[in-house]
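Dropping final32.cif in here (mmCIF, C-alpha atoms):
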```
data_work
#
loop_
_atom_site.label_atom_id
_atom_site.label_comp_id
_atom_site.auth_asym_id
_atom_site.auth_seq_id
_atom_site.Cartn_x
_atom_site.Cartn_y
_atom_site.Cartn_z
CA MET A 188 105.14 80.16 77.46
CA ARG A 189 106.54 76.65 76.91
CA ILE A 190 106.15 74.32 79.87
CA SER A 191 109.59 72.98 80.73
CA HIS A 192 108.44 70.30 83.15
CA ASP A 193 106.05 67.45 83.70
CA SER A 194 103.65 68.27 86.55
CA ARG A 195 102.39 65.49 88.80
CA ASN A 196 99.75 65.89 91.52
CA LEU A 197 100.13 63.25 94.18
CA PHE A 198 99.79 62.34 97.84
CA LEU A 199 102.88 61.57 99.89
CA LYS A 200 102.79 59.04 102.70
CA GLY A 201 102.97 61.31 105.73
CA PRO A 202 103.41 60.47 109.42
CA VAL A 203 99.73 61.18 110.20
CA GLY A 204 98.24 60.41 106.80
CA ARG A 205 98.48 61.67 103.27
CA LEU A 206 100.24 64.91 102.32
CA GLU A 207 99.05 66.72 99.21
CA ALA A 208 101.92 67.52 96.86
CA ILE A 209 102.93 68.66 93.38
CA LEU A 210 106.13 67.46 91.73
CA TRP A 211 107.62 69.28 88.76
CA THR A 212 110.17 67.22 86.84
CA PRO A 213 112.21 68.72 83.98
CA THR A 214 111.34 67.27 80.59
CA ARG A 215 115.04 67.09 79.75
CA SER A 216 116.41 63.56 80.10
CA ALA A 217 119.77 64.51 81.59
CA SER A 218 120.24 63.65 85.26
CA PRO A 219 119.66 66.78 87.40
CA SER A 220 122.44 68.05 89.63
CA LEU A 221 119.97 68.91 92.42
CA ALA A 222 116.39 68.18 93.45
CA ALA A 223 114.43 70.55 95.69
CA VAL A 224 111.72 70.66 98.34
CA VAL A 225 109.96 73.99 98.96
CA CYS A 226 108.02 74.52 102.22
CA HIS A 227 105.07 76.89 102.51
CA PRO A 228 104.20 79.57 105.12
CA HIS A 229 102.00 79.25 108.20
CA PRO A 230 98.88 77.18 107.44
CA LEU A 231 96.81 78.89 110.13
CA TYR A 232 97.20 82.15 108.22
CA GLY A 233 96.34 80.78 104.81
CA GLY A 234 99.72 79.31 103.85
CA THR A 235 99.66 76.49 101.29
CA LEU A 236 101.83 75.10 98.52
CA HIS A 237 100.12 77.59 96.19
CA ASN A 238 101.47 80.64 98.05
CA LYS A 239 102.90 83.11 95.51
CA VAL A 240 106.38 83.22 97.10
CA VAL A 241 106.57 79.43 97.21
CA TYR A 242 105.34 79.26 93.61
CA GLN A 243 107.94 81.81 92.49
CA ALA A 244 110.72 79.89 94.24
CA ALA A 245 109.56 76.72 92.51
CA LYS A 246 109.54 78.50 89.14
CA SER A 247 113.05 79.80 89.71
CA LEU A 248 114.32 76.33 90.53
CA ASP A 249 112.43 74.74 87.65
CA ALA A 250 113.96 77.22 85.19
CA LEU A 251 117.39 75.88 86.20
CA GLY A 252 116.36 72.31 85.41
CA ILE A 253 115.89 71.31 89.06
CA PRO A 254 113.02 68.94 89.99
CA VAL A 255 110.81 70.68 92.57
CA LEU A 256 108.45 69.19 95.14
CA ARG A 257 105.91 71.41 96.91
CA PHE A 258 103.62 69.91 99.54
CA ASN A 259 100.98 70.94 102.04
CA PHE A 260 101.78 70.56 105.71
CA ARG A 261 99.39 68.49 107.83
CA GLY A 262 95.96 70.11 108.02
CA ALA A 263 96.54 72.37 104.99
CA GLY A 264 94.69 71.87 101.72
CA LEU A 265 93.95 68.17 101.21
CA SER A 266 96.63 66.98 103.65
CA ALA A 267 95.51 64.86 106.61
CA GLY A 268 96.01 65.77 110.26
CA SER A 269 95.98 69.09 112.08
CA HIS A 270 98.48 71.87 112.74
CA ASP A 271 101.14 70.92 115.29
CA ARG A 272 102.88 74.26 115.93
CA GLY A 273 105.98 73.32 113.97
CA GLN A 274 106.74 70.05 115.76
CA GLY A 275 104.97 67.38 113.74
CA GLU A 276 105.53 69.49 110.64
CA GLN A 277 109.21 68.58 110.85
CA ASP A 278 108.20 64.97 110.21
CA ASP A 279 106.16 66.18 107.21
CA VAL A 280 109.31 67.77 105.79
CA LEU A 281 111.22 64.53 106.36
CA ALA A 282 108.50 62.61 104.51
CA ALA A 283 108.91 64.99 101.57
CA ILE A 284 112.69 64.60 101.61
CA ASN A 285 112.35 60.81 101.74
CA PHE A 286 110.03 60.83 98.75
CA LEU A 287 112.27 63.12 96.72
CA ALA A 288 115.35 61.04 97.57
CA SER A 289 113.56 57.92 96.36
CA GLU A 290 112.52 59.62 93.12
CA PHE A 291 116.02 60.97 92.47
CA PRO A 292 118.45 58.57 94.19
CA ASN A 293 121.98 59.78 94.83
CA ILE A 294 121.08 63.34 93.79
CA PRO A 295 121.93 66.10 96.32
CA LEU A 296 118.87 67.85 97.71
CA LEU A 297 118.04 71.51 98.26
CA LEU A 298 115.63 72.61 100.98
CA ALA A 299 113.90 75.97 100.63
CA GLY A 300 111.23 77.46 102.84
CA PHE A 301 109.24 80.66 103.16
CA SER A 302 108.37 82.18 106.56
CA PHE A 303 107.02 79.35 108.79
CA GLY A 304 108.24 76.96 106.11
CA SER A 305 111.78 78.27 106.53
CA TRP A 306 111.72 77.82 110.31
CA VAL A 307 110.50 74.23 110.07
CA GLY A 308 112.23 73.25 106.83
CA LEU A 309 115.72 74.56 107.49
CA ARG A 310 115.83 72.76 110.83
CA VAL A 311 115.21 69.43 109.10
CA GLY A 312 117.48 70.30 106.17
CA CYS A 313 120.36 71.16 108.47
CA ALA A 314 120.18 67.75 110.13
CA ASP A 315 119.66 65.61 107.04
CA PRO A 316 122.90 64.61 105.25
CA ARG A 317 121.06 64.27 101.94
CA VAL A 318 120.41 68.03 101.91
CA THR A 319 123.38 70.07 100.71
CA ASP A 320 121.88 73.54 100.03
CA LEU A 321 119.47 75.65 102.08
CA ILE A 322 117.35 78.69 101.16
CA GLY A 323 115.43 80.74 103.72
CA LEU A 324 112.91 83.27 102.38
CA GLY A 325 111.42 85.89 104.70
CA ILE A 326 112.66 84.24 107.87
CA PRO A 327 110.36 85.46 110.71
CA VAL A 328 113.04 86.24 113.28
CA ASN A 329 110.89 88.69 115.26
CA ASN A 330 108.92 85.93 116.99
CA THR A 331 110.63 82.67 116.04
CA ASP A 332 113.82 81.02 117.33
CA PHE A 333 116.40 80.35 114.62
CA THR A 334 119.33 79.71 116.96
CA TYR A 335 119.45 76.09 115.75
CA LEU A 336 121.21 77.53 112.68
CA TRP A 337 124.24 78.36 114.82
CA SER A 338 125.42 74.76 114.41
CA CYS A 339 124.53 74.42 110.72
CA THR A 340 127.56 74.67 108.42
CA LYS A 341 125.76 73.98 105.15
CA PRO A 342 125.71 76.73 102.48
CA LYS A 343 122.70 78.97 102.97
CA LEU A 344 120.98 81.75 101.05
CA PHE A 345 118.62 84.14 102.82
CA VAL A 346 116.41 86.47 100.79
CA HIS A 347 114.64 89.10 102.84
CA GLY A 348 112.43 92.11 102.25
CA ALA A 349 113.84 95.35 103.66
CA ASN A 350 110.38 96.16 105.06
CA ASP A 351 109.50 92.66 106.25
CA GLU A 352 107.05 93.08 109.11
CA HIS A 353 107.88 89.68 110.60
CA GLY A 354 111.64 89.91 110.45
CA ALA A 355 113.52 93.08 111.28
CA ARG A 356 116.31 93.62 108.79
CA THR A 357 118.88 94.25 111.53
CA LYS A 358 117.97 91.05 113.36
CA VAL A 359 118.26 89.01 110.19
CA ALA A 360 121.65 90.55 109.38
CA GLU A 361 122.93 89.84 112.90
CA LEU A 362 121.77 86.23 112.70
CA VAL A 363 123.33 85.56 109.30
CA ALA A 364 126.61 87.19 110.32
CA ALA A 365 126.85 84.82 113.30
CA LEU A 366 126.34 81.61 111.32
CA PRO A 367 129.12 79.17 110.42
CA GLY A 368 129.90 78.11 106.87
CA GLU A 369 129.03 79.89 103.64
CA ASN A 370 126.07 82.23 104.05
CA GLN A 371 124.60 84.95 101.87
CA LEU A 372 121.94 87.50 102.74
CA THR A 373 120.23 89.32 99.89
CA VAL A 374 117.96 92.17 101.02
CA VAL A 375 115.30 93.31 98.55
CA ASP A 376 114.77 97.06 98.93
CA HIS A 377 111.20 98.24 99.60
CA ALA A 378 109.86 94.67 99.74
CA ASP A 379 107.47 93.46 102.46
CA HIS A 380 107.22 89.96 103.93
CA PHE A 381 105.49 88.61 100.82
CA PHE A 382 107.83 90.36 98.35
CA SER A 383 104.78 92.09 96.86
CA GLY A 384 105.79 93.66 93.56
CA HIS A 385 109.32 92.30 93.96
CA LEU A 386 109.05 88.63 93.01
CA HIS A 387 111.37 89.20 90.04
CA GLN A 388 114.10 90.23 92.48
CA LEU A 389 113.45 87.11 94.53
CA ASP A 390 113.87 85.07 91.36
CA GLN A 391 117.12 86.85 90.53
CA ALA A 392 118.55 86.28 94.00
CA ILE A 393 117.81 82.54 93.94
CA THR A 394 119.09 82.10 90.38
CA THR A 395 122.31 84.05 90.91
CA TRP A 396 123.22 82.19 94.10
CA LEU A 397 122.52 78.74 92.69
CA VAL A 398 124.40 79.31 89.43
CA ARG A 399 127.38 80.56 91.41
CA ARG A 400 127.31 77.46 93.63
CA HIS A 401 126.49 75.07 90.78
CA PRO A 402 127.89 76.48 87.52
CA GLU A 403 126.49 73.58 85.53
CA LEU A 404 122.99 74.99 86.12
CA ALA A 405 123.81 77.97 83.94
CA HIS A 406 123.49 75.71 80.88
CA SER A 407 119.85 75.06 81.72
#
```
What would you get if you wrote out this structure as structure tokens?
Amino acid sequence: MRISHDSRNLFLKGPVGRLEAILWTPTRSASPSLAAVVCHPHPLYGGTLHNKVVYQAAKSLDALGIPVLRFNFRGAGLSAGSHDRGQGEQDDVLAAINFLASEFPNIPLLLAGFSFGSWVGLRVGCADPRVTDLIGLGIPVNNTDFTYLWSCTKPKLFVHGANDEHGARTKVAELVAALPGENQLTVVDHADHFFSGHLHQLDQAITTWLVRRHPELAHS
């Protein structure tokens, strides 16, 4: 399969030291309409930037001609520091956003996160004016507080497995229904938290939503 991007392994300047990262940049010379950060799941349970859901999300974005930055939270992979229970990790997300904004100045940013990465990432994305689009994958509502989203009016896509063991489908639906602004929930039938065997449906959900919001991406 033809590689449609240049891949760059790098270290971001993080708040407690370096953050391991990979940046995919489309080989096409046209200015992208969006650039994206994708945040990985809980590092204490094996979550890294190489997680299969994070990788699939990055592939889906890349296929639309969107530059994609994945990074390891503090203490994960080759990143410095140690896990901070979602507090310091918010500063890691901000460091990633700052880097992406410097690489692609004046380009709107998209923030996507899976599981723990959605809880931490969407909080930062909601507050940062440079971020215009938000994607939450497998949001773990059973044991994590997402009420900060009640004040977030930015357009949001949520993709959720019907059998997600960390986020009851009814709780996710109730949360999304209560949020302001434009929100879409796509439930993938028979899928678990990691979308095992259903990554193609995750890809379809992300692609369909983004092309609807940004029709120019369809030409990619």
>> Assuming the chain letters and numbering stay as they are in my file, what does the PyMOL selection byres ((chain A and resi 195-199) around 10) actually select? List them as a ChimeraX atom specification.
In response: /A:192-194,200-202,204-212,256-259,265-266,279,282-283,285-286
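Atom CA of Thr331 of chain A to atom CA of Ser305 of chain A spans 10.5 Å [interatomic distance, one decimal].
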> What does the distance between atom CA of Asp249 of chain A and atom CA of Ser220 of chain A come to in Å, to one decimal place?
Replying inline: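 Interatomic distance, atom CA of Asp249 of chain A to atom CA of Ser220 of chain A: 12.2 Å.
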> Can you list, as a list of chain:residue names, every protein, DNA or RNA residue that comes within 6 Å of segment 380-397 of chain A when you count all atoms listed in the file, leaving out same-chain residues fewer than 3 positions away?
Replying inline: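 Once the nearby chain positions are removed, what remains is A:Ser247, A:Gly325, A:Gly348, A:Asp351, A:Arg400, A:His401.
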>> Just the number, please: distance in Å from atom CA of Gln371 of chain A to atom CA of Lys343 of chain A, one decimal.
In response: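 We find that atom CA of Gln371 of chain A and atom CA of Lys343 of chain A lie 6.4 Å from each other.
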> Using all atoms listed in the file, which residue out of A:Ala365, A:Leu309, A:Ala349, A:Ala250 lies closest to His377 of chain A?
Replying inline: A:Ala349
